[in-house]
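Listing of my_file-v1.cif; format and content: mmCIF, C-alpha atoms and all ligand atoms.
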data_entry
#
loop_
_atom_site.label_atom_id
_atom_site.label_comp_id
_atom_site.auth_asym_id
_atom_site.auth_seq_id
_atom_site.Cartn_x
_atom_site.Cartn_y
_atom_site.Cartn_z
CA MET A 28 118.28 124.12 83.13
CA ALA A 29 117.40 123.23 86.69
CA ASP A 30 120.13 122.30 89.11
CA MET A 31 120.64 118.60 89.41
CA ALA A 32 121.05 116.69 92.65
CA GLU A 33 124.45 115.30 93.53
CA ILE A 34 124.23 111.49 93.61
CA ILE A 35 126.70 109.56 95.74
CA ASP A 36 127.04 105.79 95.36
CA ILE A 37 127.28 104.60 98.97
CA ALA A 38 129.03 101.35 98.10
CA ALA A 39 131.72 103.29 96.18
CA ASP A 40 132.35 105.97 98.83
CA HIS A 41 130.66 105.27 102.14
CA GLY A 42 132.68 107.88 104.05
CA ARG A 43 131.80 110.64 101.62
CA ALA A 44 128.12 109.61 101.62
CA ILE A 45 128.02 109.98 105.42
CA ALA A 46 130.00 113.25 105.45
CA ARG A 47 128.01 114.94 102.66
CA GLY A 48 124.75 113.63 104.12
CA CYS A 49 125.53 115.13 107.52
CA ALA A 50 126.66 118.44 105.98
CA VAL A 51 123.47 118.90 103.94
CA LEU A 52 121.27 117.86 106.88
CA ALA A 53 123.09 120.34 109.15
CA ASP A 54 122.38 123.00 106.53
CA GLY A 55 118.64 122.39 107.04
CA GLU A 56 118.14 120.77 103.65
CA PRO A 57 116.50 117.40 102.96
CA VAL A 58 118.56 114.47 101.68
CA ALA A 59 117.20 111.43 99.83
CA ILE A 60 118.38 108.29 101.60
CA PRO A 61 117.94 104.58 101.05
CA THR A 62 116.06 102.58 103.66
CA GLU A 63 115.16 98.91 103.53
CA THR A 64 111.52 99.82 102.74
CA VAL A 65 111.59 102.71 100.25
CA TYR A 66 113.81 105.76 99.68
CA GLY A 67 113.10 108.50 102.23
CA LEU A 68 113.34 112.28 101.98
CA ALA A 69 115.13 112.89 105.27
CA ALA A 70 115.52 116.08 107.28
CA ASP A 71 116.55 116.96 110.82
CA ALA A 72 113.45 116.15 112.91
CA THR A 73 114.36 118.88 115.42
CA ASN A 74 114.60 121.68 112.83
CA SER A 75 111.31 123.23 111.70
CA ASP A 76 112.79 124.89 108.60
CA ALA A 77 114.27 121.59 107.48
CA ILE A 78 110.94 119.78 107.98
CA SER A 79 109.12 122.53 106.06
CA ARG A 80 111.47 121.89 103.16
CA ILE A 81 110.26 118.26 103.03
CA TYR A 82 106.68 119.45 102.53
CA GLU A 83 107.80 122.01 99.96
CA VAL A 84 109.86 119.53 97.95
CA LYS A 85 107.10 116.88 97.96
CA GLY A 86 104.37 119.39 97.22
CA ARG A 87 102.55 117.84 100.15
CA PRO A 88 99.44 119.92 100.76
CA ARG A 89 98.80 118.99 104.38
CA PHE A 90 100.93 118.69 107.42
CA ASN A 91 100.63 115.03 108.40
CA PRO A 92 102.78 113.48 111.09
CA LEU A 93 106.09 112.17 109.74
CA ILE A 94 107.97 109.14 111.02
CA ALA A 95 111.02 110.04 113.14
CA HIS A 96 113.85 107.68 112.26
CA MET A 97 116.28 106.74 115.04
CA SER A 98 119.73 105.12 115.10
CA GLY A 99 118.74 102.66 117.82
CA MET A 100 116.96 102.06 121.09
CA THR A 101 119.09 104.54 123.05
CA MET A 102 118.06 107.41 120.79
CA ALA A 103 114.46 106.15 120.61
CA GLU A 104 114.15 106.17 124.41
CA ARG A 105 115.23 109.81 124.52
CA HIS A 106 112.24 110.77 122.38
CA ALA A 107 109.40 108.35 123.21
CA MET A 108 108.00 106.41 126.14
CA PHE A 109 107.79 102.65 125.68
CA ASP A 110 105.07 100.42 127.13
CA PRO A 111 106.18 96.78 127.66
CA VAL A 112 104.54 95.43 124.46
CA SER A 113 106.04 98.17 122.27
CA ARG A 114 109.41 97.44 123.84
CA ARG A 115 109.14 93.75 122.98
CA LEU A 116 108.21 94.63 119.40
CA ALA A 117 111.16 97.02 119.16
CA ASP A 118 113.57 94.47 120.64
CA ARG A 119 112.47 91.83 118.15
CA PHE A 120 111.93 93.83 114.95
CA TRP A 121 114.32 96.82 115.07
CA PRO A 122 116.19 97.65 113.02
CA GLY A 123 113.53 96.88 110.43
CA PRO A 124 110.29 97.79 108.64
CA LEU A 125 108.24 98.51 111.77
CA THR A 126 107.04 101.93 112.96
CA LEU A 127 105.71 102.27 116.51
CA VAL A 128 103.44 105.17 117.48
CA LEU A 129 104.35 106.07 121.07
CA PRO A 130 103.80 108.91 123.55
CA LEU A 131 106.31 111.67 122.93
CA ALA A 132 108.85 112.04 125.75
CA PRO A 133 108.50 115.44 127.46
CA THR A 134 112.17 116.24 126.88
CA SER A 135 112.16 115.22 123.22
CA GLY A 136 113.38 117.95 120.92
CA ILE A 137 111.40 116.55 117.99
CA HIS A 138 109.65 119.50 116.38
CA PRO A 139 105.82 119.70 116.36
CA LEU A 140 105.99 119.96 112.55
CA CYS A 141 107.22 116.35 112.58
CA THR A 142 104.48 115.11 114.94
CA ALA A 143 101.80 117.44 113.49
CA GLY A 144 101.46 118.80 116.99
CA LEU A 145 100.32 115.44 118.44
CA ASP A 146 101.54 114.21 121.81
CA SER A 147 102.60 110.98 120.10
CA VAL A 148 105.38 110.23 117.65
CA GLY A 149 105.88 107.54 115.01
CA ILE A 150 109.32 106.02 115.49
CA ARG A 151 111.32 103.60 113.40
CA VAL A 152 114.90 102.32 113.44
CA PRO A 153 115.85 101.61 109.82
CA MET A 154 118.35 98.96 108.76
CA GLY A 155 121.73 99.56 107.20
CA PHE A 156 123.00 102.88 105.84
CA ALA A 157 120.08 105.01 107.10
CA GLY A 158 120.80 103.90 110.68
CA GLU A 159 124.50 104.67 110.25
CA LEU A 160 123.75 108.15 108.88
CA ILE A 161 121.47 108.95 111.83
CA GLU A 162 124.12 107.68 114.24
CA ALA A 163 126.72 109.94 112.60
CA TYR A 164 124.37 112.93 112.49
CA GLY A 165 123.34 112.40 116.10
CA ARG A 166 119.71 113.46 115.74
CA PRO A 167 116.50 111.79 114.56
CA LEU A 168 115.52 112.25 110.93
CA ALA A 169 111.96 112.89 109.78
CA ALA A 170 111.47 111.03 106.50
CA PRO A 171 108.44 110.37 104.34
CA SER A 172 108.92 108.57 101.04
CA ALA A 173 111.06 110.58 98.59
CA ASN A 174 108.41 111.25 95.93
CA THR A 175 106.09 114.01 94.81
CA SER A 176 102.94 113.84 96.94
CA GLY A 177 100.45 111.28 95.63
CA LYS A 178 102.93 109.45 93.39
CA VAL A 179 104.31 105.94 93.70
CA SER A 180 107.08 105.63 96.30
CA PRO A 181 110.66 105.28 95.01
CA THR A 182 112.63 102.07 95.50
CA SER A 183 115.80 103.23 93.73
CA ALA A 184 117.98 106.33 93.53
CA ALA A 185 117.05 106.61 89.83
CA HIS A 186 113.35 106.83 90.77
CA VAL A 187 114.14 109.66 93.21
CA ASP A 188 116.32 111.45 90.69
CA ALA A 189 113.65 111.30 87.96
CA ASP A 190 111.03 112.77 90.30
CA LEU A 191 112.86 115.14 92.69
CA GLY A 192 116.35 115.47 91.18
CA SER A 193 115.88 119.13 90.27
CA ARG A 194 114.45 120.05 93.70
CA ILE A 195 116.96 118.52 96.13
CA ARG A 196 120.70 118.79 96.62
CA LEU A 197 121.73 115.26 97.46
CA ILE A 198 120.66 111.66 96.73
CA LEU A 199 122.50 108.88 98.50
CA ASP A 200 122.36 105.76 96.32
CA GLY A 201 122.21 102.48 98.22
CA GLY A 202 120.84 100.35 95.39
CA ALA A 203 117.37 98.83 95.20
CA ALA A 204 115.31 98.88 98.41
CA GLY A 205 115.04 95.29 99.59
CA VAL A 206 111.56 95.31 101.15
CA GLY A 207 109.86 97.58 98.62
CA VAL A 208 106.79 98.75 100.58
CA GLU A 209 106.66 101.21 103.48
CA SER A 210 106.92 100.13 107.11
CA THR A 211 104.11 98.50 109.06
CA ILE A 212 102.70 101.05 111.54
CA ILE A 213 101.57 99.77 114.96
CA LYS A 214 100.09 101.52 117.97
CA VAL A 215 99.71 99.76 121.31
CA GLU A 216 96.66 100.99 123.21
CA GLY A 217 95.97 99.27 126.52
CA ASP A 218 95.83 95.58 125.69
CA GLN A 219 95.08 96.25 122.01
CA VAL A 220 97.81 96.21 119.38
CA ARG A 221 96.41 98.24 116.50
CA LEU A 222 97.51 98.12 112.87
CA LEU A 223 97.53 101.67 111.49
CA ARG A 224 99.11 100.73 108.15
CA PRO A 225 100.01 97.33 106.72
CA GLY A 226 103.58 97.31 105.44
CA GLY A 227 106.88 95.54 105.11
CA LEU A 228 106.61 93.53 108.33
CA ALA A 229 103.88 90.88 108.04
CA VAL A 230 101.18 91.12 110.71
CA GLU A 231 101.52 87.35 111.26
CA GLU A 232 105.05 87.91 112.57
CA ILE A 233 103.79 90.45 115.08
CA GLU A 234 100.95 88.16 116.18
CA ALA A 235 103.38 85.28 116.62
CA LEU A 236 105.39 87.42 119.06
CA ILE A 237 102.53 88.94 121.07
CA GLY A 238 100.41 85.79 121.07
CA HIS A 239 97.08 87.43 120.13
CA PRO A 240 95.50 89.06 117.08
CA VAL A 241 96.43 92.55 115.90
CA VAL A 242 93.40 94.84 115.56
CA ARG A 243 92.92 96.14 112.02
CA GLN A 244 91.99 99.73 111.70
CA GLU A 245 88.71 100.50 110.01
CA VAL A 246 88.67 103.65 107.91
CA ALA A 247 85.08 104.78 108.48
CA GLY A 248 83.90 101.20 108.00
CA ALA A 249 85.87 100.76 104.79
CA THR A 250 87.98 97.70 104.25
CA ILE A 251 90.39 96.77 101.52
CA GLU A 252 87.40 95.19 99.73
CA ALA A 253 85.94 98.67 99.33
CA PRO A 254 88.82 100.57 97.74
CA GLY A 255 86.45 103.28 96.59
CA MET A 256 86.37 104.40 100.21
CA LEU A 257 90.11 104.91 100.26
CA ALA A 258 91.60 108.15 99.06
CA SER A 259 93.57 107.74 95.86
CA HIS A 260 97.25 107.35 96.45
CA TYR A 261 100.30 105.66 94.96
CA ALA A 262 98.69 106.75 91.74
CA PRO A 263 100.25 105.97 88.39
CA GLU A 264 99.00 108.09 85.47
CA ALA A 265 97.15 105.12 84.01
CA GLY A 266 93.91 103.86 85.56
CA VAL A 267 94.34 100.80 87.76
CA ARG A 268 92.04 97.79 88.33
CA MET A 269 92.70 95.16 90.96
CA ASN A 270 91.67 91.49 91.20
CA ALA A 271 91.22 91.44 87.42
CA ALA A 272 89.82 88.15 86.15
CA THR A 273 90.31 89.20 82.54
CA VAL A 274 92.41 91.71 80.64
CA ASP A 275 90.65 94.31 78.50
CA ASN A 276 91.96 95.37 75.13
CA GLY A 277 95.03 97.59 75.43
CA GLU A 278 95.49 97.09 79.18
CA ILE A 279 98.79 96.16 80.76
CA LEU A 280 98.61 93.01 82.89
CA ILE A 281 100.52 92.89 86.17
CA ASN A 282 100.37 89.26 87.14
CA PHE A 283 101.46 87.25 90.16
CA ALA A 284 102.85 83.71 90.03
CA GLY A 285 102.04 83.27 86.35
CA GLN A 286 98.28 82.90 86.88
CA ARG A 287 96.19 82.21 83.80
CA ILE A 288 94.19 85.40 83.24
CA GLY A 289 91.52 85.58 80.54
CA GLY A 290 92.45 87.70 77.54
CA ALA A 291 96.10 87.89 78.61
CA ASP A 292 97.05 87.58 74.95
CA ARG A 293 95.33 90.93 74.36
CA ALA A 294 97.51 92.70 76.94
CA ALA A 295 99.57 95.64 75.72
CA ALA A 296 102.37 94.31 77.95
CA THR A 297 102.69 91.83 80.77
CA PHE A 298 104.69 91.94 84.00
CA ASP A 299 104.82 89.43 86.83
CA LEU A 300 105.48 90.61 90.40
CA SER A 301 106.93 87.20 91.23
CA ARG A 302 106.81 84.24 88.84
CA SER A 303 107.68 81.90 91.70
CA GLY A 304 104.80 83.24 93.83
CA SER A 305 106.98 84.86 96.52
CA LEU A 306 105.14 87.73 98.25
CA ARG A 307 108.47 89.09 99.44
CA GLU A 308 109.73 89.31 95.88
CA ALA A 309 106.40 90.79 94.79
CA ALA A 310 106.63 93.56 97.43
CA ALA A 311 110.19 94.37 96.39
CA ASN A 312 109.13 94.62 92.72
CA LEU A 313 105.74 96.33 93.15
CA PHE A 314 106.58 100.04 92.82
CA ALA A 315 109.27 99.60 90.15
CA ILE A 316 106.86 97.53 88.02
CA MET A 317 104.05 100.07 88.52
CA LYS A 318 106.39 102.81 87.32
CA ALA A 319 107.61 100.73 84.36
CA ALA A 320 104.02 99.89 83.36
CA ASP A 321 103.07 103.53 83.65
CA ARG A 322 105.74 104.53 81.12
CA LEU A 323 104.19 102.31 78.40
CA PRO A 324 101.22 103.29 76.26
CA SER A 325 98.06 101.51 77.48
CA THR A 326 94.39 101.97 78.27
CA GLY A 327 95.04 101.06 81.92
CA ILE A 328 96.75 98.66 84.30
CA ALA A 329 95.05 95.41 85.43
CA PHE A 330 96.43 93.61 88.48
CA ALA A 331 95.78 89.87 88.78
CA PRO A 332 94.55 88.71 92.22
CA ILE A 333 97.32 88.59 94.83
CA PRO A 334 97.07 86.55 98.07
CA ARG A 335 96.31 88.61 101.16
CA ASP A 336 98.45 86.79 103.70
CA GLY A 337 101.91 87.91 104.83
CA LEU A 338 103.23 90.83 102.79
CA GLY A 339 100.20 90.36 100.52
CA GLU A 340 98.23 92.55 102.91
CA ALA A 341 100.49 95.55 102.26
CA ILE A 342 100.68 94.81 98.52
CA ASN A 343 96.87 94.70 98.22
CA ASP A 344 96.58 97.87 100.33
CA ARG A 345 98.90 99.79 97.98
CA ILE A 346 97.16 98.49 94.85
CA ALA A 347 93.74 99.39 96.32
CA ARG A 348 94.96 102.95 96.85
CA ALA A 349 96.31 103.10 93.30
CA ALA A 350 92.92 101.81 92.06
CA ALA A 351 90.82 104.20 94.13
CA PRO A 352 88.99 106.99 92.28
CA ARG A 353 91.24 109.97 91.67
CA PRO A 354 90.35 113.10 93.56
CA GLU A 355 88.70 115.58 91.21
CA ALA A 356 87.93 119.03 92.52
CA PRO A 357 86.20 117.91 95.74
CA ARG A 358 82.68 119.10 96.43
CA PRO A 359 82.79 121.50 99.38
CA ASP A 360 80.35 119.30 101.30
CA ALA A 361 82.11 116.05 100.42
CA PRO A 362 83.24 114.07 103.46
CA THR A 363 87.00 113.75 103.56
CA LEU A 364 88.73 110.56 104.55
CA GLU A 365 92.18 110.95 105.97
CA THR A 366 94.17 107.86 105.22
CA LYS A 367 97.30 106.77 106.87
CA ASP A 368 99.76 107.35 104.08
CA ALA A 369 98.75 110.46 102.31
CA THR A 370 102.19 110.64 100.82
O1 LIG B 401 108.87 102.80 105.40
C1 LIG B 401 108.50 103.91 105.79
O2 LIG B 401 107.79 104.05 106.79
C2 LIG B 401 108.96 105.12 104.98
C3 LIG B 401 110.47 105.15 105.03
C4 LIG B 401 111.05 106.37 104.38
O3 LIG B 401 110.92 105.04 106.36
N1 LIG B 401 108.38 106.32 105.53
C5 LIG B 401 107.06 106.62 105.39
O4 LIG B 401 106.69 107.82 105.96
O5 LIG B 401 106.27 105.90 104.82
P1 LIG B 401 105.30 108.56 105.68
O6 LIG B 401 105.52 109.96 106.08
O7 LIG B 401 104.83 108.30 104.31
O8 LIG B 401 104.32 107.86 106.66
C6 LIG B 401 104.01 108.50 107.85
C7 LIG B 401 102.73 107.98 108.38
C8 LIG B 401 101.69 109.06 108.53
O9 LIG B 401 100.89 109.22 107.38
C9 LIG B 401 100.88 108.57 109.69
O10 LIG B 401 99.88 107.71 109.21
C10 LIG B 401 101.85 107.73 110.49
O11 LIG B 401 102.98 107.55 109.73
N2 LIG B 401 102.21 108.44 111.72
C11 LIG B 401 103.34 109.12 111.99
N3 LIG B 401 103.27 109.65 113.22
C12 LIG B 401 102.09 109.29 113.72
C13 LIG B 401 101.41 109.54 114.95
N4 LIG B 401 101.97 110.27 115.91
N5 LIG B 401 100.19 109.02 115.12
C14 LIG B 401 99.61 108.27 114.15
N6 LIG B 401 100.18 108.02 112.96
C15 LIG B 401 101.40 108.51 112.76
MG MG B 402 104.73 108.05 100.95
#
structure tokens encoding of this file:
Amino acid sequence: MADMAEIIDIAADHGRAIARGCAVLADGEPVAIPTETVYGLAADATNSDAISRIYEVKGRPRFNPLIAHMSGMTMAERHAMFDPVSRRLADRFWPGPLTLVLPLAPTSGIHPLCTAGLDSVGIRVPMGFAGELIEAYGRPLAAPSANTSGKVSPTSAAHVDADLGSRIRLILDGGAAGVGVESTIIKVEGDQVRLLRPGGLAVEEIEALIGHPVVRQEVAGATIEAPGMLASHYAPEAGVRMNAATVDNGEILINFAGQRIGGADRAAATFDLSRSGSLREAAANLFAIMKAADRLPSTGIAFAPIPRDGLGEAINDRIARAAAPRPEAPRPDAPTLETKDAT
């Protein structure tokens, strides 16, 4: 039998969660930690062996840049250089579900394995326990979502345990992640504020602060309306359709706000991301419901249409990735599309 991860309930023993977390991190091993967005697989961002272990545990084939999580602005300023707009965003939205891509400070000890050798770094200050752990540890933590590469991100310690429990030493259990989708990634370039990934902070909130529109990133001309252009990701085992007007025989329906969907009575099972029509609640429920649906026998998963405003942008982005064609053995001449959240 494989070794099982130690799981510490943070609410039951906060001091031990911090102490064990710091000890395992100092040992160069990754630790699964709760953040307000999703659970992260965290390792010392200054230690190349520790970062390599993240890739190994996730089975992540490529070395993509990882987000460096900070305890606060003081630590962030040691590692990155802030332009005035990024600073305003940080002042308003940190701690919280916002990642800023910034020029790496020359004296930063963040390892090139974390930045993928770029001269920029993605930085985020997470809310709650994760921030406290980083403060206690005293160094930034690199942390992608705590799941096997290509799978749906975990929003509970039980999700992490089911997926990675035999491959990691420690899972710190902080209950269900409140936001439920990964952070919004922003890069300020000159007078443009560019959206690199929609996420748990609604773009409208950013636009309200900066007073002008955020520039959406185009992936080789693809938009969310052309999910076939997006590399498959967040993939459940079952096939996924989005914006379903009707349910096919044997499909599971994932609804939103109790919409009337044709053939719903034929559904193998029905879930609703938020009966009351709250996009916040829908984001918080999205990954857990995808995992629950995926455990049931079905011919596929059909998502009802979900509004695209507010957190609906991130929800539709994640569903589009889940619905994108799965990578088969790629043709050697096939163009490859790097997307922003390859794991
Ligand atoms: O909510 C989140 O952001 C979660 C939790 C654990 O904090 N983390 C997360 O990390 O989603 P990850 O590794 O899945 O997302 C990292 C993404 C990369 O794929 C890349 O798109 C972007 O962040 N990124 C990081 N550094 C970057 C850089 N220097 N330039 C451009 N993009 C960068
Ligand atoms: Mg991920």
Which residues of chain A come within 12 Å of ligand MG 402 (chain B), and for each one, what is the closest pair of atoms and their distance in Å to one decimal, counting all atoms listed in the file, sorted by chain and residue number, as CSV?
residue,atom,partner,partner_atom,distance
A:Thr64,CA,B:MG402,MG,10.8
A:Val65,CA,B:MG402,MG,8.7
A:Tyr66,CA,B:MG402,MG,9.5
A:Gly67,CA,B:MG402,MG,8.5
A:Leu68,CA,B:MG402,MG,9.6
A:Ile81,CA,B:MG402,MG,11.8
A:Tyr82,CA,B:MG402,MG,11.7
A:Lys85,CA,B:MG402,MG,9.6
A:Gly86,CA,B:MG402,MG,11.9
A:Arg87,CA,B:MG402,MG,10.1
A:Asn91,CA,B:MG402,MG,11.0
A:Pro92,CA,B:MG402,MG,11.7
A:Leu93,CA,B:MG402,MG,9.8
A:Ile94,CA,B:MG402,MG,10.6
A:Ala170,CA,B:MG402,MG,9.2
A:Pro171,CA,B:MG402,MG,5.5
A:Ser172,CA,B:MG402,MG,4.2
A:Ala173,CA,B:MG402,MG,7.2
A:Asn174,CA,B:MG402,MG,7.0
A:Thr175,CA,B:MG402,MG,8.7
A:Ser176,CA,B:MG402,MG,7.3
A:Gly177,CA,B:MG402,MG,7.6
A:Lys178,CA,B:MG402,MG,7.9
A:Val179,CA,B:MG402,MG,7.6
A:Ser180,CA,B:MG402,MG,5.7
A:Pro181,CA,B:MG402,MG,8.8
A:Thr182,CA,B:MG402,MG,11.3
A:Gly207,CA,B:MG402,MG,11.9
A:Val208,CA,B:MG402,MG,9.5
A:Glu209,CA,B:MG402,MG,7.5
A:Ser210,CA,B:MG402,MG,10.3
A:Arg224,CA,B:MG402,MG,11.7
A:Gly226,CA,B:MG402,MG,11.7
A:His260,CA,B:MG402,MG,8.8
A:Tyr261,CA,B:MG402,MG,7.8
A:Ala262,CA,B:MG402,MG,11.1
A:Phe314,CA,B:MG402,MG,11.6
A:Arg345,CA,B:MG402,MG,10.5
A:Arg348,CA,B:MG402,MG,11.8
A:Thr366,CA,B:MG402,MG,11.4
A:Lys367,CA,B:MG402,MG,9.6
A:Asp368,CA,B:MG402,MG,5.9
A:Ala369,CA,B:MG402,MG,6.6
A:Thr370,CA,B:MG402,MG,3.6
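Reported to one decimal place, the separation of CA of Ile45 (chain A) from atom C13 of ligand LIG 401 (chain B) is 28.3 Å.
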Subject >> Nearest candidate to ligand LIG 401 (chain B) (options A:Pro57, A:Pro133, A:Gly144, A:Gly99; using all atoms listed in the file) >> reply: A:Gly144
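Using only C-alpha atoms, the residues found no farther than 9 Å from region 266-275 of chain A, other than those of its own chain fewer than 2 positions away, are Ala262, Pro263, Glu264, Gly277, Glu278, Ile279, Leu280, Ile288, Gly289, Gly290, Ala291, Asp292, Arg293, Ala294, Thr326, Gly327, Ile328, Ala329, Phe330, Ala331, Pro332, Ile333, Asn343, Ile346, Ala347, Ala349, Ala350, Ala351 and Pro352 of chain A.
One distance worth recording is that between CA of Ala69 (chain A) and atom O5 of ligand LIG 401 (chain B), which is 11.3 Å.
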Do you know which residues are at most 10 Å from Glu340 (chain A) counting all atoms listed in the file, after dropping those on the same chain fewer than 4 positions away, and could you put them as a compact mmCIF listing (two decimals) with C-alpha atoms, in the frame of the given file?
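Output below, filename around.txt:
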# COMPACT_ATOMS: atom_id res chain seq x y z
CA ARG A 224 99.11 100.73 108.15
CA PRO A 225 100.01 97.33 106.72
CA GLY A 226 103.58 97.31 105.44
CA GLY A 227 106.88 95.54 105.11
CA ALA A 229 103.88 90.88 108.04
CA VAL A 230 101.18 91.12 110.71
CA ILE A 251 90.39 96.77 101.52
CA LEU A 306 105.14 87.73 98.25
CA ILE A 333 97.32 88.59 94.83
CA PRO A 334 97.07 86.55 98.07
CA ARG A 335 96.31 88.61 101.16
CA ASP A 336 98.45 86.79 103.70
CA ASP A 344 96.58 97.87 100.33
CA ARG A 345 98.90 99.79 97.98
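Here CA of His41 (chain A) stands at a distance of 18.3 Å from CA of Ala53 (chain A).
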**OP:** Would you list the contacts of region 107-122 of chain A as a ChimeraX atom specification, taking every protein, DNA or RNA residue within 6 Å and counting only C-alpha atoms, but skipping same-chain residues closer than 2 positions in sequence?
**Re:** /A:104,129-132,152-154
Original post:
Counting all atoms listed in the file, which of A:Ile78, A:Ile237, A:Ile281, A:Met317 gets nearest to ligand LIG 401 (chain B)?
Top reply: A:Ile78
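Nearest-residue note for ligand LIG 401 (chain B): choosing from A:Gly136, A:Gly55, A:Gly149, A:Gly201, the minimum distance belongs to A:Gly149, counting all atoms listed in the file.
Minimum distance to ligand LIG 401 (chain B) across A:Glu159, A:Asp200, A:Asp146, A:Asp299 (counting only C-alpha atoms and all ligand atoms) occurs at A:Asp146.
With all atoms listed in the file as the atoms that count, the minimum distance from Ser193 (chain A) to the choices A:Asn282, A:Ala319, A:Asp30, A:Ser301 is reached by A:Asp30.
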Please write out, as JSON, where the centre of an axis-aligned box around all listed atoms of ligand LIG 401 (chain B) lies and how long its edges are, in Å to one decimal, after adding 4 Å on each side.
{"center_x": 105.3, "center_y": 106.5, "center_z": 110.1, "size_x": 19.4, "size_y": 15.5, "size_z": 19.6}
Original post:
With only C-alpha atoms and all ligand atoms as the atoms that count, which of A:Leu52, A:Ile316, A:Leu160, A:Ile212 lies nearest to ligand LIG 401 (chain B)?
Top reply: A:Ile212
